[in-house]
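The data block below is target_24.cif; it holds mmCIF, C-alpha atoms and all ligand atoms.
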data_my_file
loop_
_atom_site.label_atom_id
_atom_site.label_comp_id
_atom_site.auth_asym_id
_atom_site.auth_seq_id
_atom_site.Cartn_x
_atom_site.Cartn_y
_atom_site.Cartn_z
CA MET A 1 131.13 -89.84 92.98
CA ASN A 2 128.89 -92.35 91.25
CA ARG A 3 126.92 -93.82 94.16
CA GLY A 4 125.37 -96.39 91.84
CA GLN A 5 121.88 -96.94 90.62
CA ASP A 6 119.09 -98.53 92.57
CA VAL A 7 118.51 -100.72 89.56
CA ILE A 8 120.28 -101.39 86.25
CA VAL A 9 118.11 -103.02 83.60
CA VAL A 10 120.01 -104.76 80.80
CA GLY A 11 118.05 -105.00 77.54
CA GLY A 12 115.80 -102.37 76.00
CA GLY A 13 113.24 -104.56 74.24
CA VAL A 14 109.65 -104.47 75.41
CA TRP A 15 110.50 -106.42 78.59
CA GLY A 16 113.35 -104.22 79.73
CA SER A 17 111.43 -101.05 78.86
CA ALA A 18 108.28 -102.23 80.64
CA VAL A 19 110.25 -103.22 83.75
CA ALA A 20 112.11 -99.87 83.71
CA TYR A 21 108.74 -98.09 83.64
CA GLU A 22 107.24 -100.11 86.48
CA LEU A 23 110.39 -99.56 88.58
CA ALA A 24 110.58 -95.84 87.81
CA ILE A 25 106.96 -95.22 88.82
CA ARG A 26 107.91 -96.83 92.16
CA SER A 27 110.45 -94.01 92.57
CA MET A 28 113.49 -96.20 92.00
CA ARG A 29 116.59 -94.76 90.29
CA VAL A 30 116.71 -96.81 87.11
CA LEU A 31 119.33 -97.00 84.38
CA LEU A 32 118.51 -99.02 81.27
CA LEU A 33 121.32 -100.21 79.00
CA ASP A 34 120.70 -101.51 75.51
CA VAL A 35 122.51 -102.34 72.33
CA THR A 36 120.74 -103.17 69.09
CA LEU A 37 121.54 -106.80 68.27
CA PRO A 38 120.30 -108.48 65.08
CA GLY A 39 117.16 -110.53 65.65
CA ARG A 40 115.94 -108.79 68.79
CA ALA A 41 112.44 -110.05 69.29
CA THR A 42 110.33 -106.99 69.94
CA SER A 43 111.00 -105.36 66.60
CA ALA A 44 110.41 -108.67 64.78
CA SER A 45 107.16 -109.45 66.56
CA ALA A 46 103.65 -109.68 65.14
CA GLY A 47 102.04 -107.98 68.11
CA GLY A 48 99.25 -110.50 68.60
CA LEU A 49 97.55 -110.32 72.00
CA TRP A 50 96.31 -113.90 72.08
CA PRO A 51 96.32 -115.14 75.67
CA VAL A 52 93.98 -118.08 75.21
CA GLY A 53 94.96 -118.69 71.58
CA GLU A 54 98.62 -119.11 72.50
CA ALA A 55 97.93 -121.01 75.72
CA VAL A 56 95.88 -123.66 73.89
CA GLY A 57 98.13 -123.73 70.82
CA LEU A 58 95.79 -122.04 68.34
CA GLY A 59 97.71 -118.80 68.02
CA CYS A 60 101.12 -119.12 66.45
CA GLY A 61 99.68 -121.95 64.34
CA VAL A 62 102.99 -123.21 63.04
CA ILE A 63 103.63 -124.35 66.60
CA TYR A 64 101.81 -127.48 65.43
CA HIS A 65 104.96 -128.35 63.55
CA ALA A 66 107.06 -127.47 66.54
CA THR A 67 110.74 -127.71 66.78
CA GLY A 68 111.52 -130.24 69.37
CA ASN A 69 111.33 -127.41 71.90
CA SER A 70 107.84 -128.63 72.71
CA GLU A 71 107.65 -130.67 75.90
CA SER A 72 104.92 -132.94 74.55
CA GLY A 73 107.20 -134.22 71.80
CA ASP A 74 104.07 -134.81 69.73
CA GLU A 75 104.23 -132.61 66.68
CA SER A 76 100.70 -133.21 65.45
CA THR A 77 98.76 -131.52 68.25
CA PRO A 78 98.90 -127.98 69.61
CA ASN A 79 101.24 -127.37 72.49
CA VAL A 80 99.02 -126.54 75.46
CA LEU A 81 100.51 -124.38 78.22
CA PRO A 82 99.59 -124.75 81.92
CA ASP A 83 96.36 -123.13 83.17
CA LEU A 84 98.34 -120.92 85.54
CA PHE A 85 100.15 -119.34 82.61
CA ARG A 86 96.95 -119.03 80.59
CA ASP A 87 95.44 -117.11 83.53
CA PHE A 88 98.59 -114.97 83.72
CA LEU A 89 98.27 -114.07 80.02
CA ILE A 90 94.55 -113.33 80.34
CA ALA A 91 95.22 -111.04 83.31
CA SER A 92 98.01 -109.30 81.38
CA ASN A 93 95.84 -108.90 78.28
CA LYS A 94 93.15 -107.21 80.35
CA ARG A 95 95.60 -104.44 81.19
CA PHE A 96 95.93 -103.28 77.58
CA PRO A 97 92.90 -100.94 77.22
CA ALA A 98 93.92 -98.87 80.26
CA LEU A 99 97.63 -99.16 79.43
CA ALA A 100 97.09 -97.86 75.88
CA LYS A 101 95.27 -94.85 77.33
CA THR A 102 97.87 -94.16 80.03
CA LEU A 103 100.81 -94.46 77.64
CA LEU A 104 99.13 -92.18 75.12
CA GLU A 105 98.41 -89.56 77.79
CA GLN A 106 101.91 -89.74 79.25
CA THR A 107 103.99 -90.02 76.07
CA GLY A 108 101.83 -89.13 73.06
CA VAL A 109 102.64 -92.59 71.60
CA ASP A 110 99.65 -94.53 70.28
CA ILE A 111 100.45 -98.23 70.68
CA GLU A 112 97.79 -99.08 68.05
CA PHE A 113 95.78 -101.32 70.35
CA ASP A 114 93.29 -102.73 67.83
CA ILE A 115 90.29 -104.70 69.03
CA GLY A 116 88.92 -106.08 65.75
CA THR A 117 86.73 -109.18 65.77
CA GLY A 118 89.17 -111.36 67.72
CA LEU A 119 91.43 -114.26 66.81
CA MET A 120 89.90 -116.75 64.39
CA PHE A 121 91.51 -120.18 63.97
CA LEU A 122 90.54 -121.70 60.61
CA MET A 123 89.89 -125.44 60.53
CA TYR A 124 90.53 -127.27 57.29
CA THR A 125 90.05 -130.90 58.41
CA ASP A 126 87.88 -133.03 60.68
CA TYR A 127 91.02 -133.76 62.70
CA GLU A 128 91.52 -130.06 63.44
CA GLN A 129 87.82 -129.77 64.24
CA ALA A 130 88.18 -132.60 66.78
CA ILE A 131 91.19 -130.92 68.41
CA VAL A 132 89.33 -127.63 68.68
CA ASP A 133 86.21 -129.33 70.10
CA ASN A 134 88.44 -130.81 72.79
CA ILE A 135 89.99 -127.44 73.55
CA ALA A 136 86.55 -125.80 73.73
CA ARG A 137 85.43 -128.42 76.27
CA SER A 138 88.54 -127.92 78.40
CA LEU A 139 88.22 -124.14 78.70
CA PRO A 140 86.45 -122.55 81.68
CA GLN A 141 82.99 -121.16 80.89
CA GLU A 142 84.10 -117.51 81.00
CA GLN A 143 86.76 -117.99 78.31
CA ARG A 144 84.58 -117.85 75.28
CA LEU A 145 85.61 -119.89 72.28
CA LYS A 146 82.90 -119.73 69.65
CA ILE A 147 82.73 -122.42 66.97
CA LEU A 148 81.66 -120.94 63.63
CA SER A 149 80.30 -122.73 60.57
CA PRO A 150 81.90 -121.94 57.18
CA GLU A 151 78.91 -119.66 56.40
CA GLU A 152 79.38 -117.77 59.69
CA VAL A 153 83.11 -117.41 59.01
CA VAL A 154 82.48 -115.71 55.70
CA GLN A 155 80.01 -113.32 57.33
CA VAL A 156 82.73 -112.15 59.75
CA GLU A 157 85.65 -112.39 57.31
CA PRO A 158 84.39 -112.19 53.69
CA LYS A 159 87.88 -112.58 52.17
CA ILE A 160 88.55 -115.94 53.84
CA THR A 161 88.52 -119.16 51.79
CA HIS A 162 85.28 -121.14 51.61
CA GLU A 163 87.25 -124.42 51.77
CA LEU A 164 86.84 -124.87 55.52
CA THR A 165 85.16 -127.16 57.99
CA GLY A 166 84.67 -124.13 60.27
CA ALA A 167 86.56 -121.85 62.63
CA ALA A 168 87.13 -121.19 66.31
CA LEU A 169 86.71 -117.56 67.32
CA LEU A 170 88.30 -116.07 70.43
CA PRO A 171 86.65 -112.65 70.60
CA GLU A 172 88.83 -111.19 73.36
CA GLU A 173 92.13 -111.61 71.43
CA HIS A 174 93.47 -108.45 69.81
CA GLN A 175 96.67 -106.87 68.48
CA VAL A 176 99.04 -104.03 69.17
CA ASN A 177 102.12 -102.49 67.55
CA PRO A 178 105.00 -104.10 69.52
CA MET A 179 107.65 -101.52 68.63
CA LEU A 180 105.40 -98.65 69.63
CA LEU A 181 104.56 -100.47 72.86
CA ALA A 182 108.27 -100.70 73.73
CA GLU A 183 108.84 -97.08 72.68
CA ALA A 184 105.91 -95.85 74.76
CA TYR A 185 107.10 -97.78 77.82
CA LYS A 186 110.58 -96.35 77.34
CA ARG A 187 109.33 -92.76 77.07
CA ALA A 188 107.03 -93.23 80.06
CA ALA A 189 109.94 -94.63 82.06
CA ILE A 190 112.09 -91.60 81.17
CA ARG A 191 109.23 -89.31 82.12
CA ALA A 192 109.11 -91.07 85.50
CA GLY A 193 112.85 -90.47 86.01
CA ALA A 194 114.63 -93.44 84.39
CA THR A 195 117.78 -92.95 82.32
CA PHE A 196 118.49 -94.80 79.08
CA ARG A 197 121.87 -95.49 77.52
CA HIS A 198 121.67 -96.79 73.98
CA ASP A 199 124.45 -98.43 71.94
CA THR A 200 125.80 -99.82 75.20
CA GLN A 201 126.68 -103.49 75.25
CA VAL A 202 126.97 -104.96 78.73
CA THR A 203 129.91 -107.34 78.61
CA GLY A 204 129.27 -108.98 81.95
CA PHE A 205 127.71 -108.95 85.39
CA ARG A 206 130.19 -108.32 88.18
CA ARG A 207 129.88 -110.80 91.02
CA ASP A 208 131.25 -110.52 94.53
CA GLY A 209 130.70 -113.84 96.30
CA ASP A 210 126.99 -114.57 96.17
CA ARG A 211 126.01 -111.08 95.10
CA ILE A 212 125.81 -109.29 91.73
CA ILE A 213 127.13 -105.80 92.41
CA GLY A 214 126.78 -104.17 88.98
CA VAL A 215 127.60 -104.51 85.32
CA GLU A 216 130.67 -104.19 83.15
CA ILE A 217 130.79 -102.40 79.83
CA GLY A 218 134.26 -103.31 78.71
CA GLU A 219 136.59 -101.54 81.15
CA GLU A 220 133.79 -99.48 82.65
CA PHE A 221 132.04 -100.69 85.81
CA LEU A 222 128.59 -99.49 86.80
CA PRO A 223 127.54 -100.42 90.34
CA SER A 224 123.93 -101.13 91.26
CA ASN A 225 121.93 -102.50 94.14
CA LEU A 226 119.91 -104.65 91.78
CA THR A 227 120.47 -105.77 88.20
CA VAL A 228 117.64 -106.96 85.94
CA ASN A 229 118.50 -109.43 83.20
CA ALA A 230 116.08 -108.50 80.39
CA ALA A 231 118.44 -109.31 77.54
CA GLY A 232 115.97 -111.54 75.68
CA SER A 233 117.64 -114.34 73.72
CA TRP A 234 121.04 -113.14 74.96
CA SER A 235 120.16 -113.39 78.65
CA ARG A 236 121.76 -116.83 79.03
CA LYS A 237 125.09 -115.59 77.64
CA LEU A 238 124.96 -112.63 79.98
CA ALA A 239 124.08 -114.68 83.05
CA ALA A 240 126.97 -117.04 82.24
CA THR A 241 129.44 -114.17 82.77
CA ALA A 242 128.58 -114.44 86.48
CA GLY A 243 128.55 -118.23 86.56
CA ILE A 244 124.74 -118.39 86.45
CA ASP A 245 122.84 -120.70 84.11
CA ILE A 246 119.37 -119.80 82.90
CA PRO A 247 118.10 -121.98 80.04
CA VAL A 248 117.03 -119.37 77.51
CA SER A 249 117.66 -120.09 73.84
CA PRO A 250 116.84 -118.22 70.65
CA ILE A 251 113.87 -119.59 68.69
CA ARG A 252 113.76 -118.08 65.25
CA GLY A 253 110.55 -116.79 63.71
CA GLN A 254 110.44 -115.82 60.03
CA VAL A 255 107.86 -113.29 58.88
CA VAL A 256 106.47 -111.94 55.60
CA LEU A 257 104.89 -108.50 55.17
CA THR A 258 102.71 -107.70 52.16
CA GLU A 259 102.33 -104.35 50.50
CA ARG A 260 99.65 -102.02 51.87
CA LEU A 261 96.08 -103.10 51.16
CA PRO A 262 92.65 -101.69 51.86
CA ARG A 263 91.09 -103.31 54.95
CA ILE A 264 90.66 -107.03 54.08
CA LEU A 265 90.75 -108.63 57.55
CA GLN A 266 88.47 -107.67 60.42
CA GLY A 267 90.49 -109.52 63.05
CA CYS A 268 93.52 -111.81 63.47
CA ILE A 269 93.54 -115.13 61.61
CA SER A 270 95.48 -118.29 62.43
CA THR A 271 95.71 -121.71 60.82
CA SER A 272 97.91 -124.76 61.30
CA GLU A 273 100.19 -123.25 58.63
CA CYS A 274 100.52 -119.55 59.48
CA TYR A 275 98.82 -116.55 61.04
CA LEU A 276 97.76 -113.29 59.43
CA ILE A 277 97.36 -109.86 60.99
CA GLN A 278 96.52 -106.74 59.02
CA LYS A 279 98.50 -103.90 60.58
CA SER A 280 97.33 -100.32 60.97
CA HIS A 281 98.79 -99.07 57.66
CA GLY A 282 97.21 -101.92 55.69
CA GLU A 283 100.09 -104.38 55.32
CA VAL A 284 99.27 -108.00 56.12
CA LEU A 285 101.83 -109.62 58.40
CA ILE A 286 102.18 -113.36 57.78
CA GLY A 287 103.96 -115.33 60.48
CA SER A 288 105.75 -117.30 61.60
CA THR A 289 108.13 -120.21 61.79
CA THR A 290 109.31 -121.65 65.10
CA GLU A 291 112.87 -122.89 64.61
CA CYS A 292 115.94 -123.64 66.67
CA ALA A 293 118.51 -121.83 64.56
CA ASN A 294 120.90 -120.62 67.21
CA PHE A 295 121.59 -116.91 66.58
CA ASP A 296 121.21 -117.21 62.80
CA VAL A 297 118.76 -114.55 61.64
CA SER A 298 118.63 -115.43 57.96
CA VAL A 299 115.36 -115.95 56.15
CA THR A 300 115.05 -119.09 54.08
CA HIS A 301 113.34 -119.68 50.76
CA ASP A 302 111.46 -122.78 51.95
CA SER A 303 110.04 -121.16 55.07
CA ILE A 304 108.96 -117.96 53.32
CA THR A 305 107.36 -119.97 50.51
CA SER A 306 105.52 -122.17 52.96
CA LEU A 307 104.21 -119.17 54.95
CA CYS A 308 103.01 -117.53 51.71
CA ARG A 309 101.34 -120.78 50.61
CA GLY A 310 99.54 -120.99 53.96
CA ALA A 311 98.43 -117.37 53.69
CA VAL A 312 97.07 -117.79 50.15
CA ARG A 313 95.18 -120.91 51.22
CA ALA A 314 93.52 -118.90 54.01
CA VAL A 315 92.95 -115.70 52.02
CA PRO A 316 93.03 -116.57 48.30
CA MET A 317 93.16 -112.93 47.10
CA LEU A 318 96.67 -112.65 48.57
CA ARG A 319 97.93 -114.68 45.60
CA ASP A 320 98.13 -111.45 43.58
CA VAL A 321 99.55 -109.22 46.30
CA GLY A 322 103.16 -108.04 46.42
CA ILE A 323 105.59 -108.71 49.26
CA LYS A 324 107.13 -105.64 50.86
CA ARG A 325 109.56 -107.21 53.31
CA VAL A 326 110.65 -110.46 54.95
CA TRP A 327 112.58 -110.76 58.20
CA SER A 328 113.28 -113.01 61.14
CA GLY A 329 113.58 -112.51 64.88
CA LEU A 330 114.70 -114.52 67.90
CA ARG A 331 112.14 -115.42 70.54
CA PRO A 332 113.69 -115.91 73.98
CA GLY A 333 112.60 -119.55 74.40
CA THR A 334 112.69 -121.73 77.50
CA PRO A 335 112.39 -125.53 77.82
CA ASP A 336 108.85 -125.39 79.24
CA GLU A 337 107.82 -122.31 77.20
CA LEU A 338 107.14 -120.30 80.37
CA PRO A 339 108.99 -117.11 81.25
CA ILE A 340 111.86 -116.92 83.70
CA LEU A 341 111.11 -114.21 86.25
CA GLY A 342 112.24 -113.14 89.68
CA PRO A 343 115.21 -113.88 91.92
CA ILE A 344 117.87 -116.53 91.37
CA GLU A 345 118.49 -119.17 94.01
CA GLY A 346 121.81 -118.64 95.79
CA VAL A 347 122.62 -115.26 94.19
CA THR A 348 121.38 -111.87 95.37
CA GLY A 349 121.38 -108.49 93.61
CA ILE A 350 119.92 -109.89 90.40
CA ILE A 351 116.47 -110.57 89.06
CA ASN A 352 115.32 -112.23 85.82
CA ALA A 353 112.84 -110.76 83.34
CA THR A 354 113.33 -113.04 80.38
CA GLY A 355 111.98 -116.01 78.44
CA GLY A 356 109.03 -114.21 76.83
CA PHE A 357 109.09 -116.74 73.98
CA ARG A 358 105.97 -116.43 71.77
CA THR A 359 103.83 -114.46 74.26
CA GLY A 360 106.25 -111.73 75.28
CA ILE A 361 104.10 -108.89 73.99
CA VAL A 362 100.85 -109.91 75.62
CA ALA A 363 102.71 -110.90 78.82
CA ALA A 364 104.71 -107.67 79.12
CA PRO A 365 102.38 -105.55 81.30
CA LEU A 366 101.80 -108.12 84.06
CA MET A 367 105.35 -109.48 83.84
CA ALA A 368 106.77 -105.99 84.42
CA GLU A 369 104.35 -105.30 87.23
CA ILE A 370 105.23 -108.42 89.22
CA VAL A 371 108.97 -108.12 88.57
CA ALA A 372 108.91 -104.52 89.83
CA GLN A 373 106.76 -105.50 92.80
CA THR A 374 109.26 -108.21 93.70
CA ALA A 375 112.17 -105.78 93.30
CA SER A 376 110.51 -103.29 95.61
CA GLU A 377 109.45 -105.97 98.09
CA GLU A 378 105.71 -105.46 97.52
CA SER A 379 103.64 -108.61 97.36
CA PRO A 380 103.05 -109.43 93.69
CA THR A 381 99.54 -109.17 92.24
CA PHE A 382 100.06 -112.55 90.56
CA PRO A 383 102.18 -115.42 91.90
CA ILE A 384 105.73 -115.08 90.55
CA ALA A 385 107.32 -118.15 92.22
CA PRO A 386 106.17 -120.60 89.46
CA PHE A 387 108.38 -118.62 87.08
CA TYR A 388 111.59 -118.71 89.14
CA SER A 389 114.64 -120.13 87.36
CA SER A 390 115.05 -122.59 90.25
CA ARG A 391 112.41 -124.79 88.59
CA PHE A 392 115.15 -125.94 86.23
CA LEU A 393 117.55 -127.00 88.98
CA GLU A 394 118.15 -130.72 88.86
CA THR A 395 116.58 -132.69 91.69
CA VAL A 396 119.34 -134.55 93.48
CA ILE A 397 118.34 -138.04 94.52
CA ASP A 398 120.46 -139.70 97.23
C1 LIG B 1 108.56 -113.43 64.63
C2 LIG B 1 108.05 -113.21 66.02
C3 LIG B 1 106.70 -113.02 66.23
C4 LIG B 1 106.21 -112.83 67.52
N1 LIG B 1 104.87 -112.60 67.70
C5 LIG B 1 104.39 -112.40 68.94
C6 LIG B 1 103.02 -112.13 69.13
O1 LIG B 1 102.25 -112.07 68.16
N2 LIG B 1 102.57 -111.90 70.39
C7 LIG B 1 103.39 -111.98 71.49
O2 LIG B 1 102.91 -111.79 72.61
N3 LIG B 1 104.71 -112.22 71.33
C8 LIG B 1 105.22 -112.43 70.09
N4 LIG B 1 106.55 -112.69 69.91
C9 LIG B 1 107.40 -112.80 71.10
C10 LIG B 1 107.83 -111.44 71.62
O3 LIG B 1 108.19 -110.61 70.54
C11 LIG B 1 109.02 -111.62 72.57
O4 LIG B 1 108.71 -112.57 73.57
C12 LIG B 1 109.37 -110.29 73.24
O5 LIG B 1 109.55 -109.28 72.28
C13 LIG B 1 110.63 -110.45 74.08
O6 LIG B 1 111.05 -109.16 74.45
P1 LIG B 1 112.43 -108.94 75.18
O7 LIG B 1 112.48 -107.52 75.55
O8 LIG B 1 112.59 -109.97 76.25
O9 LIG B 1 113.54 -109.33 74.08
P2 LIG B 1 114.14 -108.42 72.91
O10 LIG B 1 113.07 -107.66 72.23
O11 LIG B 1 114.97 -109.34 72.08
O12 LIG B 1 115.04 -107.39 73.68
C14 LIG B 1 116.28 -107.74 74.26
C15 LIG B 1 117.18 -106.53 74.10
O13 LIG B 1 118.37 -106.75 74.83
C16 LIG B 1 119.46 -106.30 74.03
N5 LIG B 1 120.67 -106.93 74.54
C17 LIG B 1 121.02 -108.24 74.48
N6 LIG B 1 122.22 -108.44 75.07
C18 LIG B 1 122.61 -107.23 75.52
C19 LIG B 1 123.76 -106.79 76.22
N7 LIG B 1 124.72 -107.64 76.57
N8 LIG B 1 123.86 -105.48 76.55
C20 LIG B 1 122.89 -104.60 76.22
N9 LIG B 1 121.77 -104.98 75.55
C21 LIG B 1 121.64 -106.27 75.20
C22 LIG B 1 119.05 -106.75 72.64
O14 LIG B 1 119.77 -106.16 71.60
C23 LIG B 1 117.59 -106.32 72.64
O15 LIG B 1 117.48 -104.95 72.29
C24 LIG B 1 107.09 -112.84 68.63
C25 LIG B 1 108.46 -112.99 68.42
C26 LIG B 1 108.95 -113.17 67.12
C27 LIG B 1 110.41 -113.32 66.90
#
As structure tokens:
Amino acid sequence: MNRGQDVIVVGGGVWGSAVAYELAIRSMRVLLLDVTLPGRATSASAGGLWPVGEAVGLGCGVIYHATGNSESGDESTPNVLPDLFRDFLIASNKRFPALAKTLLEQTGVDIEFDIGTGLMFLMYTDYEQAIVDNIARSLPQEQRLKILSPEEVVQVEPKITHELTGAALLPEEHQVNPMLLAEAYKRAAIRAGATFRHDTQVTGFRRDGDRIIGVEIGEEFLPSNLTVNAAGSWSRKLAATAGIDIPVSPIRGQVVLTERLPRILQGCISTSECYLIQKSHGEVLIGSTTECANFDVSVTHDSITSLCRGAVRAVPMLRDVGIKRVWSGLRPGTPDELPILGPIEGVTGIINATGGFRTGIVAAPLMAEIVAQTASEESPTFPIAPFYSSRFLETVID
């Protein structure tokens, strides 16, 4: 008889895989179910580990021209995330050196954790300089943001344009290969006892009163004590099958990948128009738009052209370089751009691990740790309550 799993995790992107790993090493019986849907975020991602850059709006530079998803509503300034989340991302980022080593030892998968010179935001105008000066003043002492003159920029990155007012360098911001990170987590989870079922689309959560008691795959029912919703951009649809609303929506990001090049960038580059990361085999990844496009994963001429224009402005030699591939992916976005983690008010047997939006790669290690700690009733190493879905419940005023 199938006595059910301790935990069923739905979604095998980096979040589901990381959670499966953290649960499995806590000796839970874990089953992970995944189907490959077009636009899944992890395989579309750039792999930037930019905790401060993203938190202050200098990472995914195109966020400047945000999509109306930004709470500030002001499209001309970077969207700054709360300090609590910045600290969360910094703490998660710090786990990468040891994590890369552990995953390599346990699985043989090298996640291509690449330190480089950091994340460098290029400033083209006095206005951008003023914004960055403000950001630098607002950051705590220990979070180093170094302002570089155009001459200093060229010393660090000789291929960068000379048409700059300067740059902001965040030396602790690195990159990783997101697909290999997810793969390594998955293999490590299996090694620790988890089971994976691919090509398996969960059609619904089964609810009995106020409790989720398992998942449905068409006619098949799989019982579990706990179900984790890690279905990325699809997690809202899935939650709705049990009458639960979590406000996750797909935010499209379009990406361009150049042909392989000799090493031309020493670190990650961002501007108000695009970001550039040279990957381990030499291709330069140019990202990314931030668009509400529902589940449409097309790439558009205008967006690709504008990303390429931004990249050539930053690194003029790219004008003559061929394009190998373009694609788009769906970030699991939330209204306040923070993840949705932990239990759901009024419903037991289910836990959220979703809403990674534009920081889902850097956030994955700490997110998985605190979700698994909550599931196993340990006290979390970082407060998880600020990320509960209950923050979106309407306040009723008598
Ligand atoms: C273009 C782009 C660039 C990005 N760059 C960065 C970056 O530089 N740094 C950073 O930190 N983050 C970045 N992100 C964000 C990051 O990639 C995401 O936040 C993260 O990958 C989310 O992972 P996930 O596992 O939640 O979602 P996904 O990777 O989308 O995984 C969800 C999985 O669930 C599956 N699924 C859905 N429904 C079901 C179902 N009913 N049954 C079974 N399986 C189901 C899907 O097919 C998918 O495999 C980027 C994202 C994009 C799109």
Just to confirm, what's the straight-line distance from atom CA of A:Ile350 to atom CA of A:Ile90 in Å (one decimal)?
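Going from atom CA of A:Ile350 over to atom CA of A:Ile90, I get 27.5 Å.
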From A:Ile384, A:Ala18, A:Ile190, A:Ala24, residue lying nearest ligand LIG 1 (chain B) [all atoms listed in the file]:
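With all atoms listed in the file as the atom set, the closest residue is A:Ala18.
Here the question is which of A:Ala188, A:Ala20, A:Leu139, A:Ile212 gets nearest to A:Leu99 using all atoms listed in the file, and that residue is A:Ala188.
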Please return as a VMD selection string the residues found within 7 Å of ligand LIG 1 (chain B), counting all atoms listed in the file.
chain A and resid 10 to 16 33 to 50 200 to 203 230 to 235 238 252 to 255 287 to 288 328 to 332 354 to 363
Which residue out of A:Gly193, A:Gly116, A:Pro335, A:Pro171 has the minimum interatomic distance to A:Ile25 when only C-alpha atoms are used?
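Selected residue with least distance to A:Ile25: A:Gly193.
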Pull the closest atom pair for each residue of stretch 184-295 of chain A that gets at most 6 Å from stretch 346-349 of chain A, along with the distance in Å to one decimal, counting all atoms listed in the file, ordering rows by chain and then ascending residue number, as a tab-separated table.
residue	atom	partner	partner_atom	distance
A:Asp210	CA	A:Val347	CA	4.8
A:Arg211	CA	A:Thr348	CA	4.7
A:Ile212	CA	A:Gly349	CA	4.9
A:Leu226	CA	A:Gly349	CA	4.5
Show which residues sit within 8 Å of A:Ile160, as an mmCIF file with C-alpha atoms, keeping the file's coordinate frame. Count all atoms listed in the file, and ignore same-chain residues fewer than 5 positions away.
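Dumped to selection_26.cif:
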data_model
loop_
_atom_site.group_PDB
_atom_site.id
_atom_site.type_symbol
_atom_site.label_atom_id
_atom_site.label_comp_id
_atom_site.auth_asym_id
_atom_site.auth_seq_id
_atom_site.Cartn_x
_atom_site.Cartn_y
_atom_site.Cartn_z
ATOM 1 C CA VAL A 153 83.110 -117.410 59.010
ATOM 2 C CA VAL A 154 82.480 -115.710 55.700
ATOM 3 C CA ALA A 314 93.520 -118.900 54.010
ATOM 4 C CA VAL A 315 92.950 -115.700 52.020
ATOM 5 C CA PRO A 316 93.030 -116.570 48.300
#
Fix up stretch 160-169 of chain A with N, CA, C and O atoms, then write it as a compact mmCIF listing (two decimals), in the coordinates of the input.
# COMPACT_ATOMS: atom_id res chain seq x y z
N ILE A 160 87.99 -114.64 53.47
CA ILE A 160 88.55 -115.94 53.84
C ILE A 160 88.05 -117.02 52.88
O ILE A 160 86.93 -116.95 52.37
N THR A 161 88.89 -118.03 52.65
CA THR A 161 88.52 -119.16 51.79
C THR A 161 87.21 -119.82 52.24
O THR A 161 86.89 -119.81 53.43
N HIS A 162 86.50 -120.41 51.26
CA HIS A 162 85.28 -121.14 51.61
C HIS A 162 85.59 -122.62 51.87
O HIS A 162 84.73 -123.37 52.29
N GLU A 163 86.85 -123.01 51.61
CA GLU A 163 87.25 -124.42 51.77
C GLU A 163 87.62 -124.70 53.22
O GLU A 163 88.78 -124.89 53.56
N LEU A 164 86.60 -124.71 54.09
CA LEU A 164 86.84 -124.87 55.52
C LEU A 164 85.85 -125.85 56.12
O LEU A 164 84.74 -125.99 55.59
N THR A 165 86.22 -126.44 57.26
CA THR A 165 85.16 -127.16 57.99
C THR A 165 84.52 -126.21 59.02
O THR A 165 83.46 -126.48 59.54
N GLY A 166 85.19 -125.11 59.32
CA GLY A 166 84.67 -124.13 60.27
C GLY A 166 85.81 -123.34 60.87
O GLY A 166 86.93 -123.37 60.36
N ALA A 167 85.51 -122.64 61.97
CA ALA A 167 86.56 -121.85 62.63
C ALA A 167 86.25 -121.73 64.11
O ALA A 167 85.10 -121.90 64.53
N ALA A 168 87.30 -121.46 64.88
CA ALA A 168 87.13 -121.19 66.31
C ALA A 168 87.45 -119.71 66.52
O ALA A 168 88.52 -119.25 66.14
N LEU A 169 86.51 -119.00 67.12
CA LEU A 169 86.71 -117.56 67.32
C LEU A 169 86.93 -117.26 68.80
O LEU A 169 86.13 -117.67 69.65
